[in-house]
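S.K.: Handing over upload-v7.pdb, PDB, C-alpha atoms and all ligand atoms.
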ATOM      1  CA  MET A1089      26.677  58.731   2.921  1.00  0.00           C
ATOM      2  CA  PRO A1090      26.446  62.005   0.982  1.00  0.00           C
ATOM      3  CA  LEU A1091      23.522  64.382   1.358  1.00  0.00           C
ATOM      4  CA  ILE A1092      20.714  63.957  -1.178  1.00  0.00           C
ATOM      5  CA  LEU A1093      19.428  67.216  -2.700  1.00  0.00           C
ATOM      6  CA  ARG A1094      15.935  67.795  -4.070  1.00  0.00           C
ATOM      7  CA  THR A1095      14.803  71.029  -5.754  1.00  0.00           C
ATOM      8  CA  ILE A1096      11.132  71.909  -5.308  1.00  0.00           C
ATOM      9  CA  PRO A1097       9.438  74.574  -7.439  1.00  0.00           C
ATOM     10  CA  CYS A1098       6.965  76.668  -5.421  1.00  0.00           C
ATOM     11  CA  LEU A1099       4.605  79.596  -6.105  1.00  0.00           C
ATOM     12  CA  ASN A1100       5.305  81.195  -9.505  1.00  0.00           C
ATOM     13  CA  ASP A1101       9.073  81.101  -9.736  1.00  0.00           C
ATOM     14  CA  ASN A1102      10.468  80.204  -6.286  1.00  0.00           C
ATOM     15  CA  TYR A1103      12.620  77.239  -5.354  1.00  0.00           C
ATOM     16  CA  ALA A1104      12.754  75.441  -2.022  1.00  0.00           C
ATOM     17  CA  PHE A1105      15.331  72.700  -1.385  1.00  0.00           C
ATOM     18  CA  LEU A1106      15.372  69.531   0.673  1.00  0.00           C
ATOM     19  CA  ILE A1107      18.595  67.922   1.863  1.00  0.00           C
ATOM     20  CA  HIS A1108      18.444  64.436   3.322  1.00  0.00           C
ATOM     21  CA  ASP A1109      21.110  62.561   5.279  1.00  0.00           C
ATOM     22  CA  PRO A1110      20.453  58.840   4.658  1.00  0.00           C
ATOM     23  CA  ASP A1111      22.504  57.771   7.726  1.00  0.00           C
ATOM     24  CA  SER A1112      20.621  59.750  10.377  1.00  0.00           C
ATOM     25  CA  LYS A1113      17.407  60.181   8.314  1.00  0.00           C
ATOM     26  CA  SER A1114      17.596  63.915   9.098  1.00  0.00           C
ATOM     27  CA  THR A1115      15.928  66.094   6.475  1.00  0.00           C
ATOM     28  CA  ALA A1116      16.221  69.852   6.214  1.00  0.00           C
ATOM     29  CA  LEU A1117      14.195  72.250   4.115  1.00  0.00           C
ATOM     30  CA  ILE A1118      15.805  75.454   2.920  1.00  0.00           C
ATOM     31  CA  ASP A1119      13.091  78.126   2.680  1.00  0.00           C
ATOM     32  CA  ALA A1120       9.353  77.594   2.820  1.00  0.00           C
ATOM     33  CA  PRO A1121       7.499  79.555   0.133  1.00  0.00           C
ATOM     34  CA  GLU A1122       4.369  77.378   0.587  1.00  0.00           C
ATOM     35  CA  ALA A1123       3.675  74.052   2.305  1.00  0.00           C
ATOM     36  CA  PRO A1124       1.785  71.807  -0.169  1.00  0.00           C
ATOM     37  CA  PRO A1125       4.549  71.062  -2.749  1.00  0.00           C
ATOM     38  CA  ILE A1126       7.050  70.524   0.077  1.00  0.00           C
ATOM     39  CA  LEU A1127       4.767  68.128   1.966  1.00  0.00           C
ATOM     40  CA  ALA A1128       4.136  66.288  -1.321  1.00  0.00           C
ATOM     41  CA  ALA A1129       7.899  65.953  -1.975  1.00  0.00           C
ATOM     42  CA  LEU A1130       8.507  64.659   1.580  1.00  0.00           C
ATOM     43  CA  LYS A1131       5.746  62.086   1.121  1.00  0.00           C
ATOM     44  CA  ALA A1132       7.069  60.979  -2.270  1.00  0.00           C
ATOM     45  CA  GLU A1133      10.571  60.443  -0.823  1.00  0.00           C
ATOM     46  CA  GLY A1134       9.343  58.927   2.443  1.00  0.00           C
ATOM     47  CA  TRP A1135      11.344  61.527   4.399  1.00  0.00           C
ATOM     48  CA  THR A1136      10.425  63.153   7.726  1.00  0.00           C
ATOM     49  CA  LEU A1137      11.195  66.844   7.987  1.00  0.00           C
ATOM     50  CA  THR A1138      13.462  67.576  10.978  1.00  0.00           C
ATOM     51  CA  ASP A1139      14.681  71.122  10.247  1.00  0.00           C
ATOM     52  CA  ILE A1140      13.577  74.265   8.430  1.00  0.00           C
ATOM     53  CA  LEU A1141      16.394  76.663   7.539  1.00  0.00           C
ATOM     54  CA  LEU A1142      15.312  80.206   6.645  1.00  0.00           C
ATOM     55  CA  THR A1143      17.455  82.592   4.561  1.00  0.00           C
ATOM     56  CA  HIS A1144      15.496  85.852   4.961  1.00  0.00           C
ATOM     57  CA  HIS A1145      12.198  87.344   6.009  1.00  0.00           C
ATOM     58  CA  HIS A1146      10.384  87.826   2.680  1.00  0.00           C
ATOM     59  CA  TYR A1147       6.983  86.153   2.493  1.00  0.00           C
ATOM     60  CA  ASP A1148       7.948  84.028  -0.512  1.00  0.00           C
ATOM     61  CA  HIS A1149      10.586  82.305   1.670  1.00  0.00           C
ATOM     62  CA  ILE A1150       8.685  81.892   4.968  1.00  0.00           C
ATOM     63  CA  ASP A1151       4.919  81.725   4.371  1.00  0.00           C
ATOM     64  CA  GLY A1152       4.826  77.912   4.470  1.00  0.00           C
ATOM     65  CA  VAL A1153       6.459  77.680   7.917  1.00  0.00           C
ATOM     66  CA  PRO A1154       3.367  77.532  10.204  1.00  0.00           C
ATOM     67  CA  GLU A1155       1.710  74.771   8.158  1.00  0.00           C
ATOM     68  CA  LEU A1156       4.971  72.789   7.870  1.00  0.00           C
ATOM     69  CA  VAL A1157       5.718  73.056  11.601  1.00  0.00           C
ATOM     70  CA  ALA A1158       2.158  71.995  12.429  1.00  0.00           C
ATOM     71  CA  ALA A1159       2.486  68.980  10.117  1.00  0.00           C
ATOM     72  CA  THR A1160       6.024  67.879  10.997  1.00  0.00           C
ATOM     73  CA  ASN A1161       7.138  69.553  14.251  1.00  0.00           C
ATOM     74  CA  ALA A1162      10.405  70.501  12.496  1.00  0.00           C
ATOM     75  CA  ARG A1163      12.810  72.887  14.262  1.00  0.00           C
ATOM     76  CA  VAL A1164      13.199  76.316  12.707  1.00  0.00           C
ATOM     77  CA  THR A1165      16.599  77.997  12.233  1.00  0.00           C
ATOM     78  CA  GLY A1166      17.068  81.573  11.056  1.00  0.00           C
ATOM     79  CA  ALA A1167      19.178  84.685  11.509  1.00  0.00           C
ATOM     80  CA  SER A1168      19.321  86.122  15.026  1.00  0.00           C
ATOM     81  CA  ALA A1169      19.650  89.555  13.349  1.00  0.00           C
ATOM     82  CA  ASP A1170      16.224  89.056  11.775  1.00  0.00           C
ATOM     83  CA  ALA A1171      14.467  87.136  14.556  1.00  0.00           C
ATOM     84  CA  LEU A1172      11.723  89.770  14.893  1.00  0.00           C
ATOM     85  CA  ARG A1173      10.722  89.490  11.220  1.00  0.00           C
ATOM     86  CA  LEU A1174      10.978  85.701  10.924  1.00  0.00           C
ATOM     87  CA  PRO A1175       8.537  83.073  12.239  1.00  0.00           C
ATOM     88  CA  PRO A1176       9.359  81.893  15.806  1.00  0.00           C
ATOM     89  CA  LEU A1177      12.884  80.402  15.776  1.00  0.00           C
ATOM     90  CA  ASP A1178      14.143  77.377  17.693  1.00  0.00           C
ATOM     91  CA  PHE A1179      17.725  78.280  16.740  1.00  0.00           C
ATOM     92  CA  ALA A1180      18.889  81.855  16.063  1.00  0.00           C
ATOM     93  CA  VAL A1181      22.211  81.884  14.214  1.00  0.00           C
ATOM     94  CA  ALA A1182      24.799  84.327  12.892  1.00  0.00           C
ATOM     95  CA  GLU A1183      27.869  84.227  10.661  1.00  0.00           C
ATOM     96  CA  GLY A1184      30.476  81.851  12.021  1.00  0.00           C
ATOM     97  CA  ASP A1185      27.898  79.551  13.613  1.00  0.00           C
ATOM     98  CA  THR A1186      27.697  75.889  12.630  1.00  0.00           C
ATOM     99  CA  ILE A1187      24.595  73.746  12.251  1.00  0.00           C
ATOM    100  CA  TRP A1188      24.363  69.985  11.781  1.00  0.00           C
ATOM    101  CA  ILE A1189      22.013  68.016   9.550  1.00  0.00           C
ATOM    102  CA  GLY A1190      22.796  64.514  10.775  1.00  0.00           C
ATOM    103  CA  GLY A1191      26.553  64.186  10.323  1.00  0.00           C
ATOM    104  CA  HIS A1192      26.779  67.062   7.842  1.00  0.00           C
ATOM    105  CA  GLU A1193      28.143  70.404   8.957  1.00  0.00           C
ATOM    106  CA  GLY A1194      26.572  73.589   7.632  1.00  0.00           C
ATOM    107  CA  GLN A1195      28.170  76.992   8.023  1.00  0.00           C
ATOM    108  CA  ILE A1196      26.255  80.267   8.329  1.00  0.00           C
ATOM    109  CA  LEU A1197      27.325  83.156   6.100  1.00  0.00           C
ATOM    110  CA  ASP A1198      25.961  86.689   6.489  1.00  0.00           C
ATOM    111  CA  VAL A1199      25.022  87.670   2.924  1.00  0.00           C
ATOM    112  CA  SER A1200      23.084  90.870   3.637  1.00  0.00           C
ATOM    113  CA  GLY A1201      22.226  93.256   0.826  1.00  0.00           C
ATOM    114  CA  HIS A1202      18.870  92.091  -0.575  1.00  0.00           C
ATOM    115  CA  THR A1203      17.740  92.350   3.055  1.00  0.00           C
ATOM    116  CA  LEU A1204      19.757  93.094   6.178  1.00  0.00           C
ATOM    117  CA  GLY A1205      19.909  89.792   8.010  1.00  0.00           C
ATOM    118  CA  HIS A1206      19.885  87.593   4.886  1.00  0.00           C
ATOM    119  CA  ILE A1207      21.983  84.504   5.600  1.00  0.00           C
ATOM    120  CA  ALA A1208      23.250  81.673   3.405  1.00  0.00           C
ATOM    121  CA  PHE A1209      23.794  78.046   4.443  1.00  0.00           C
ATOM    122  CA  TYR A1210      27.015  76.454   3.186  1.00  0.00           C
ATOM    123  CA  PHE A1211      27.670  72.696   3.435  1.00  0.00           C
ATOM    124  CA  PRO A1212      31.380  72.383   2.527  1.00  0.00           C
ATOM    125  CA  ALA A1213      31.636  68.578   2.293  1.00  0.00           C
ATOM    126  CA  ALA A1214      28.648  68.437  -0.082  1.00  0.00           C
ATOM    127  CA  ASN A1215      29.688  71.584  -2.009  1.00  0.00           C
ATOM    128  CA  LEU A1216      26.230  73.043  -1.475  1.00  0.00           C
ATOM    129  CA  LEU A1217      25.487  76.733  -0.989  1.00  0.00           C
ATOM    130  CA  PHE A1218      21.927  77.879  -0.288  1.00  0.00           C
ATOM    131  CA  SER A1219      22.073  81.533  -1.273  1.00  0.00           C
ATOM    132  CA  ALA A1220      18.364  82.343  -1.909  1.00  0.00           C
ATOM    133  CA  ASP A1221      18.083  85.976  -3.069  1.00  0.00           C
ATOM    134  CA  SER A1222      21.734  86.981  -2.575  1.00  0.00           C
ATOM    135  CA  LEU A1223      23.815  85.249  -5.272  1.00  0.00           C
ATOM    136  CA  MET A1224      21.488  83.965  -8.015  1.00  0.00           C
ATOM    137  CA  ALA A1225      21.996  82.263 -11.387  1.00  0.00           C
ATOM    138  CA  MET A1226      23.574  85.066 -13.474  1.00  0.00           C
ATOM    139  CA  GLY A1227      22.110  87.580 -11.056  1.00  0.00           C
ATOM    140  CA  CYS A1228      21.799  88.836  -7.520  1.00  0.00           C
ATOM    141  CA  GLY A1229      18.833  90.012  -5.489  1.00  0.00           C
ATOM    142  CA  ARG A1230      17.601  93.571  -5.617  1.00  0.00           C
ATOM    143  CA  LEU A1231      19.030  95.827  -2.900  1.00  0.00           C
ATOM    144  CA  PHE A1232      15.886  96.411  -0.834  1.00  0.00           C
ATOM    145  CA  GLU A1233      17.698  97.066   2.445  1.00  0.00           C
ATOM    146  CA  GLY A1234      21.468  96.973   2.003  1.00  0.00           C
ATOM    147  CA  ALA A1235      23.840  99.475   0.412  1.00  0.00           C
ATOM    148  CA  PRO A1236      25.758  98.250  -2.655  1.00  0.00           C
ATOM    149  CA  GLU A1237      28.955  97.849  -0.600  1.00  0.00           C
ATOM    150  CA  VAL A1238      27.107  95.502   1.775  1.00  0.00           C
ATOM    151  CA  MET A1239      25.930  93.274  -1.096  1.00  0.00           C
ATOM    152  CA  TRP A1240      29.363  93.428  -2.710  1.00  0.00           C
ATOM    153  CA  THR A1241      30.959  92.160   0.523  1.00  0.00           C
ATOM    154  CA  SER A1242      28.397  89.342   0.600  1.00  0.00           C
ATOM    155  CA  LEU A1243      28.928  88.380  -3.051  1.00  0.00           C
ATOM    156  CA  SER A1244      32.722  88.437  -2.623  1.00  0.00           C
ATOM    157  CA  LYS A1245      32.430  86.002   0.266  1.00  0.00           C
ATOM    158  CA  MET A1246      30.467  83.536  -1.856  1.00  0.00           C
ATOM    159  CA  ALA A1247      32.685  84.053  -4.917  1.00  0.00           C
ATOM    160  CA  ALA A1248      35.648  82.901  -2.813  1.00  0.00           C
ATOM    161  CA  LEU A1249      34.112  79.463  -2.120  1.00  0.00           C
ATOM    162  CA  PRO A1250      35.407  76.482  -4.154  1.00  0.00           C
ATOM    163  CA  PRO A1251      34.370  76.817  -7.840  1.00  0.00           C
ATOM    164  CA  GLU A1252      32.744  73.357  -7.737  1.00  0.00           C
ATOM    165  CA  THR A1253      30.178  74.690  -5.216  1.00  0.00           C
ATOM    166  CA  LEU A1254      26.574  74.204  -6.336  1.00  0.00           C
ATOM    167  CA  VAL A1255      24.681  77.492  -5.933  1.00  0.00           C
ATOM    168  CA  CYS A1256      21.101  76.757  -4.855  1.00  0.00           C
ATOM    169  CA  SER A1257      19.354  80.099  -5.287  1.00  0.00           C
ATOM    170  CA  GLY A1258      15.759  81.064  -4.620  1.00  0.00           C
ATOM    171  CA  HIS A1259      14.163  81.874  -7.970  1.00  0.00           C
ATOM    172  CA  GLU A1260      13.934  80.863 -11.624  1.00  0.00           C
ATOM    173  CA  TYR A1261      15.010  84.285 -12.904  1.00  0.00           C
ATOM    174  CA  THR A1262      17.784  82.994 -15.135  1.00  0.00           C
ATOM    175  CA  GLU A1263      16.383  83.878 -18.571  1.00  0.00           C
ATOM    176  CA  ALA A1264      15.790  87.519 -17.596  1.00  0.00           C
ATOM    177  CA  ASN A1265      19.219  87.650 -15.947  1.00  0.00           C
ATOM    178  CA  LEU A1266      20.778  86.193 -19.092  1.00  0.00           C
ATOM    179  CA  LYS A1267      19.190  88.910 -21.280  1.00  0.00           C
ATOM    180  CA  PHE A1268      20.687  91.568 -19.053  1.00  0.00           C
ATOM    181  CA  ALA A1269      24.122  89.885 -19.000  1.00  0.00           C
ATOM    182  CA  LEU A1270      24.107  89.664 -22.809  1.00  0.00           C
ATOM    183  CA  SER A1271      23.157  93.345 -23.090  1.00  0.00           C
ATOM    184  CA  LEU A1272      26.413  94.233 -21.328  1.00  0.00           C
ATOM    185  CA  ASP A1273      28.716  91.774 -23.077  1.00  0.00           C
ATOM    186  CA  PRO A1274      27.015  90.075 -26.065  1.00  0.00           C
ATOM    187  CA  ASP A1275      30.109  88.288 -27.427  1.00  0.00           C
ATOM    188  CA  HIS A1276      31.585  86.889 -24.196  1.00  0.00           C
ATOM    189  CA  PRO A1277      32.196  83.218 -25.124  1.00  0.00           C
ATOM    190  CA  ALA A1278      31.223  81.735 -21.746  1.00  0.00           C
ATOM    191  CA  LEU A1279      27.997  83.743 -21.788  1.00  0.00           C
ATOM    192  CA  VAL A1280      27.126  82.723 -25.340  1.00  0.00           C
ATOM    193  CA  ALA A1281      27.712  79.067 -24.404  1.00  0.00           C
ATOM    194  CA  ARG A1282      25.575  79.381 -21.277  1.00  0.00           C
ATOM    195  CA  ALA A1283      22.781  81.012 -23.299  1.00  0.00           C
ATOM    196  CA  VAL A1284      22.620  77.874 -25.471  1.00  0.00           C
ATOM    197  CA  ASP A1285      22.532  75.654 -22.391  1.00  0.00           C
ATOM    198  CA  ILE A1286      19.778  77.702 -20.714  1.00  0.00           C
ATOM    199  CA  ALA A1287      17.632  77.802 -23.848  1.00  0.00           C
ATOM    200  CA  ALA A1288      17.878  73.982 -24.083  1.00  0.00           C
ATOM    201  CA  LYS A1289      16.961  73.532 -20.409  1.00  0.00           C
ATOM    202  CA  ARG A1290      13.971  75.888 -20.593  1.00  0.00           C
ATOM    203  CA  ALA A1291      12.754  74.253 -23.824  1.00  0.00           C
ATOM    204  CA  GLN A1292      12.580  70.958 -21.888  1.00  0.00           C
ATOM    205  CA  GLY A1293      10.903  72.640 -18.926  1.00  0.00           C
ATOM    206  CA  ALA A1294      14.004  71.845 -16.818  1.00  0.00           C
ATOM    207  CA  PHE A1295      15.283  73.992 -13.932  1.00  0.00           C
ATOM    208  CA  THR A1296      18.319  76.259 -14.467  1.00  0.00           C
ATOM    209  CA  VAL A1297      18.897  76.253 -10.680  1.00  0.00           C
ATOM    210  CA  PRO A1298      21.145  75.125  -9.023  1.00  0.00           C
ATOM    211  CA  SER A1299      24.187  76.275 -10.991  1.00  0.00           C
ATOM    212  CA  LEU A1300      27.909  75.821 -10.489  1.00  0.00           C
ATOM    213  CA  LEU A1301      29.847  78.651  -8.868  1.00  0.00           C
ATOM    214  CA  SER A1302      32.437  78.257 -11.666  1.00  0.00           C
ATOM    215  CA  GLU A1303      29.690  79.140 -14.202  1.00  0.00           C
ATOM    216  CA  GLU A1304      28.689  82.158 -12.117  1.00  0.00           C
ATOM    217  CA  LEU A1305      32.285  83.371 -11.885  1.00  0.00           C
ATOM    218  CA  ALA A1306      32.529  83.174 -15.693  1.00  0.00           C
ATOM    219  CA  THR A1307      29.144  84.642 -16.644  1.00  0.00           C
ATOM    220  CA  ASN A1308      27.405  86.446 -13.760  1.00  0.00           C
ATOM    221  CA  PRO A1309      27.779  90.186 -14.495  1.00  0.00           C
ATOM    222  CA  PHE A1310      27.667  90.996 -10.781  1.00  0.00           C
ATOM    223  CA  LEU A1311      30.701  88.764 -10.112  1.00  0.00           C
ATOM    224  CA  ARG A1312      32.562  89.727 -13.291  1.00  0.00           C
ATOM    225  CA  VAL A1313      33.142  93.282 -12.003  1.00  0.00           C
ATOM    226  CA  THR A1314      36.540  92.035 -10.753  1.00  0.00           C
ATOM    227  CA  ASP A1315      37.585  91.378 -14.379  1.00  0.00           C
ATOM    228  CA  PRO A1316      39.529  94.366 -15.814  1.00  0.00           C
ATOM    229  CA  ALA A1317      38.369  93.588 -19.375  1.00  0.00           C
ATOM    230  CA  PHE A1318      34.700  93.643 -18.273  1.00  0.00           C
ATOM    231  CA  LYS A1319      35.259  96.881 -16.336  1.00  0.00           C
ATOM    232  CA  SER A1320      36.733  98.466 -19.475  1.00  0.00           C
ATOM    233  CA  LYS A1321      33.695  97.378 -21.485  1.00  0.00           C
ATOM    234  CA  LEU A1322      31.515  99.205 -18.963  1.00  0.00           C
ATOM    235  CA  GLY A1323      33.720 102.306 -19.254  1.00  0.00           C
ATOM    236  CA  MET A1324      34.799 101.827 -15.626  1.00  0.00           C
ATOM    237  CA  ALA A1325      38.425 100.726 -16.011  1.00  0.00           C
ATOM    238  CA  ASP A1326      39.549 102.767 -12.999  1.00  0.00           C
ATOM    239  CA  ALA A1327      36.602 102.062 -10.684  1.00  0.00           C
ATOM    240  CA  SER A1328      36.828  99.826  -7.611  1.00  0.00           C
ATOM    241  CA  ASP A1329      35.038  96.458  -7.742  1.00  0.00           C
ATOM    242  CA  SER A1330      32.415  97.716  -5.322  1.00  0.00           C
ATOM    243  CA  VAL A1331      31.693 100.881  -7.336  1.00  0.00           C
ATOM    244  CA  CYS A1332      31.520  98.852 -10.537  1.00  0.00           C
ATOM    245  CA  PHE A1333      29.104  96.429  -8.827  1.00  0.00           C
ATOM    246  CA  ALA A1334      26.874  99.348  -7.770  1.00  0.00           C
ATOM    247  CA  HIS A1335      26.863 100.556 -11.396  1.00  0.00           C
ATOM    248  CA  VAL A1336      25.865  97.126 -12.776  1.00  0.00           C
ATOM    249  CA  ARG A1337      23.142  96.779 -10.119  1.00  0.00           C
ATOM    250  CA  ALA A1338      21.734 100.204 -11.055  1.00  0.00           C
ATOM    251  CA  LEU A1339      21.751  99.259 -14.750  1.00  0.00           C
ATOM    252  CA  LYS A1340      19.841  96.052 -13.944  1.00  0.00           C
ATOM    253  CA  ASP A1341      17.275  97.948 -11.857  1.00  0.00           C
ATOM    254  CA  ASN A1342      16.455 100.022 -14.941  1.00  0.00           C
ATOM    255  CA  PHE A1343      16.766  97.250 -17.534  1.00  0.00           C
TER     256      PHE A1343
HETATM  257 ZN    ZN B1401      13.587  88.037  -1.118  1.00  0.00          ZN
HETATM  258 FE    FE B1402      12.482  85.816  -3.006  1.00  0.00          FE
END
Rewrite the structure of this file - the entire thing - as structure tokens.
M.R.:
Amino acid sequence: MPLILRTIPCLNDNYAFLIHDPDSKSTALIDAPEAPPILAALKAEGWTLTDILLTHHHYDHIDGVPELVAATNARVTGASADALRLPPLDFAVAEGDTIWIGGHEGQILDVSGHTLGHIAFYFPAANLLFSADSLMAMGCGRLFEGAPEVMWTSLSKMAALPPETLVCSGHEYTEANLKFALSLDPDHPALVARAVDIAAKRAQGAFTVPSLLSEELATNPFLRVTDPAFKSKLGMADASDSVCFAHVRALKDNF
């Protein structure tokens, strides 16, 4: 049976995710901003937490781990490169490694840039990518630790996944990201259409995360730097993708 996905809002604007394999009853949490809403979601579903998968060391992705481990005894998986900054790990993983949630294979991608040691979890059969603060809905994480080329390499890796991939990112930042995207390219049809969709979702109090990778490819200004027409609009027709990405990231930092 396919994995079941649940999106759990935490703190002010964070998202945690649960995936549940009905055959094995395995349940994994991706990121642990705080324990109470996650424990409440597990109780409501009648699921037992077996695994906690951590994307990166920031407090708003790990602070709930001690309480969740105490309550559930779940095993903790995180990046070996970041083991010293993460809570104690049962499994330390790196790009190329495979994890299993019941019968479902997850692949580890190194998506450093926001932090060095940021990983993403990709479940190919379910078309699920847990990208946290690397690739986000119409955005990408701030470059706290990585150089722009490092983040560009990470984003390129994710952009090459199947377009039907569902991008489960770590924050509800979409409206602010949309404003920035529109400031660069106000008449881009896909962006204008997505603006309507996002306004409708927010008016209903609905989440804008996860989003489809195909939507990100069409509207995310950090992925659109491969598009010659977009480059020209930025006055960077002759720049490499990576240099153009660095430029867009710098513009966003000062937006
Ligand atoms: Zn972060
Ligand atoms: Fe975060």
S.K.: Can you list what the PyMOL selection byres (((chain A and resi 1201-1204) around 6) and not hetatm) grabs from this structure, as a JSON list (two decimals) with C-alpha atoms, in the frame of the given file?
M.R.:
[["chain", "number", "residue", "atom", "x", "y", "z"],
["A", 1200, "SER", "CA", 23.08, 90.87, 3.64],
["A", 1205, "GLY", "CA", 19.91, 89.79, 8.01],
["A", 1206, "HIS", "CA", 19.89, 87.59, 4.89],
["A", 1229, "GLY", "CA", 18.83, 90.01, -5.49],
["A", 1230, "ARG", "CA", 17.60, 93.57, -5.62],
["A", 1231, "LEU", "CA", 19.03, 95.83, -2.90],
["A", 1232, "PHE", "CA", 15.89, 96.41, -0.83],
["A", 1233, "GLU", "CA", 17.70, 97.07, 2.44],
["A", 1234, "GLY", "CA", 21.47, 96.97, 2.00],
["A", 1238, "VAL", "CA", 27.11, 95.50, 1.78],
["A", 1239, "MET", "CA", 25.93, 93.27, -1.10]]
S.K.: What's the separation between CA of Ala1132 (chain A) and CA of Glu1155 (chain A), in Å to one decimal place?
M.R.: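 Value for the CA of Ala1132 (chain A)-CA of Glu1155 (chain A) distance: 18.1 Å.
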S.K.: Just give me the gap between CA of Leu1099 (chain A) and CA of Pro1309 (chain A) in Å, one decimal is fine.
M.R.: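 That distance, rounded to one decimal, is 26.8 Å.
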S.K.: Please return as a ChimeraX atom specification the residues found within 9 Å of ligand FE 1402 (chain B), counting only C-alpha atoms and all ligand atoms.
M.R.: /A:1101-1103,1121,1144,1146-1149,1220-1221,1229,1258-1259
S.K.: Take the PyMOL selection byres (((chain A and resi 1105) around 8) and not hetatm), run it mentally on this structure, and tell me the resulting residues as a compact mmCIF listing (two decimals) with C-alpha atoms, in the coordinates of the input.
M.R.:
# COMPACT_ATOMS: atom_id res chain seq x y z
CA LEU A 1093 19.43 67.22 -2.70
CA ARG A 1094 15.94 67.80 -4.07
CA THR A 1095 14.80 71.03 -5.75
CA ILE A 1096 11.13 71.91 -5.31
CA TYR A 1103 12.62 77.24 -5.35
CA ALA A 1104 12.75 75.44 -2.02
CA LEU A 1106 15.37 69.53 0.67
CA ILE A 1107 18.60 67.92 1.86
CA LEU A 1117 14.20 72.25 4.12
CA ILE A 1118 15.80 75.45 2.92
CA ASP A 1119 13.09 78.13 2.68
CA CYS A 1256 21.10 76.76 -4.86
S.K.: Which of these, A:Ala1158, A:Ala1180, A:Leu1223, A:Ala1128, has the shortest distance to ligand ZN 1401 (chain B) once you count all atoms listed in the file?
M.R.: A:Leu1223
S.K.: Using Å and a single decimal, report how far CA of Ala1120 (chain A) sits from CA of Ala1213 (chain A).
M.R.: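 Here the two named atoms are 24.0 Å from each other.
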S.K.: Which is closer to Asn1265 (chain A) than all the others in A:Leu1300, A:Ala1208, A:Leu1339, A:Cys1332, using only C-alpha atoms?
M.R.: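 Answer, going by the shortest atom-to-atom distance: A:Leu1339.
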S.K.: Check which residues satisfy the PyMOL selection byres (((chain A and resi 1305) around 12) and not hetatm) in the file shown, then give them as a ChimeraX atom specification.
M.R.: /A:1223-1227,1243-1244,1246-1253,1255,1278-1279,1299-1304,1306-1315
S.K.: Can you find the residues with an atom no farther than 12 Å from (3.5, 75.8, 11.5), counting all atoms listed in the file, and report them as a list in words?
M.R.: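 The residues that fall inside the cut-off are Ala1120, Glu1122, Ala1123, Ile1140, Ile1150, Asp1151, Gly1152, Val1153, Pro1154, Glu1155, Leu1156, Val1157, Ala1158, Ala1159, Thr1160, Asn1161, Ala1162, Arg1163, Val1164, Pro1175, Pro1176 and Leu1177 of chain A.
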S.K.: So, with all atoms listed in the file as the atoms that count, which of A:Cys1228, A:Val1181, A:Leu1142, A:Cys1098 lies closest to Ala1129 (chain A)?
M.R.: A:Cys1098
S.K.: Tell me which of A:Asn1215, A:Asp1285, A:Lys1113, A:Gly1166 sits closest to Leu1137 (chain A), counting all atoms listed in the file.
M.R.: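 Ranked by minimum distance to Leu1137 (chain A), first place goes to A:Lys1113.
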S.K.: Residues near region 1325-1327 of chain A, anyone? I mean within 8 Å using all atoms listed in the file, not counting same-chain ones fewer than 6 positions away, as a ChimeraX atom specification.
M.R.: /A:1316-1317,1319
S.K.: Taking all atoms listed in the file into account, name the residue in A:Asp1178, A:Ser1112, A:Ile1207, A:Ile1196 that is nearest to ligand ZN 1401 (chain B).
M.R.: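 With all atoms listed in the file as the atom set, the closest residue is A:Ile1207.
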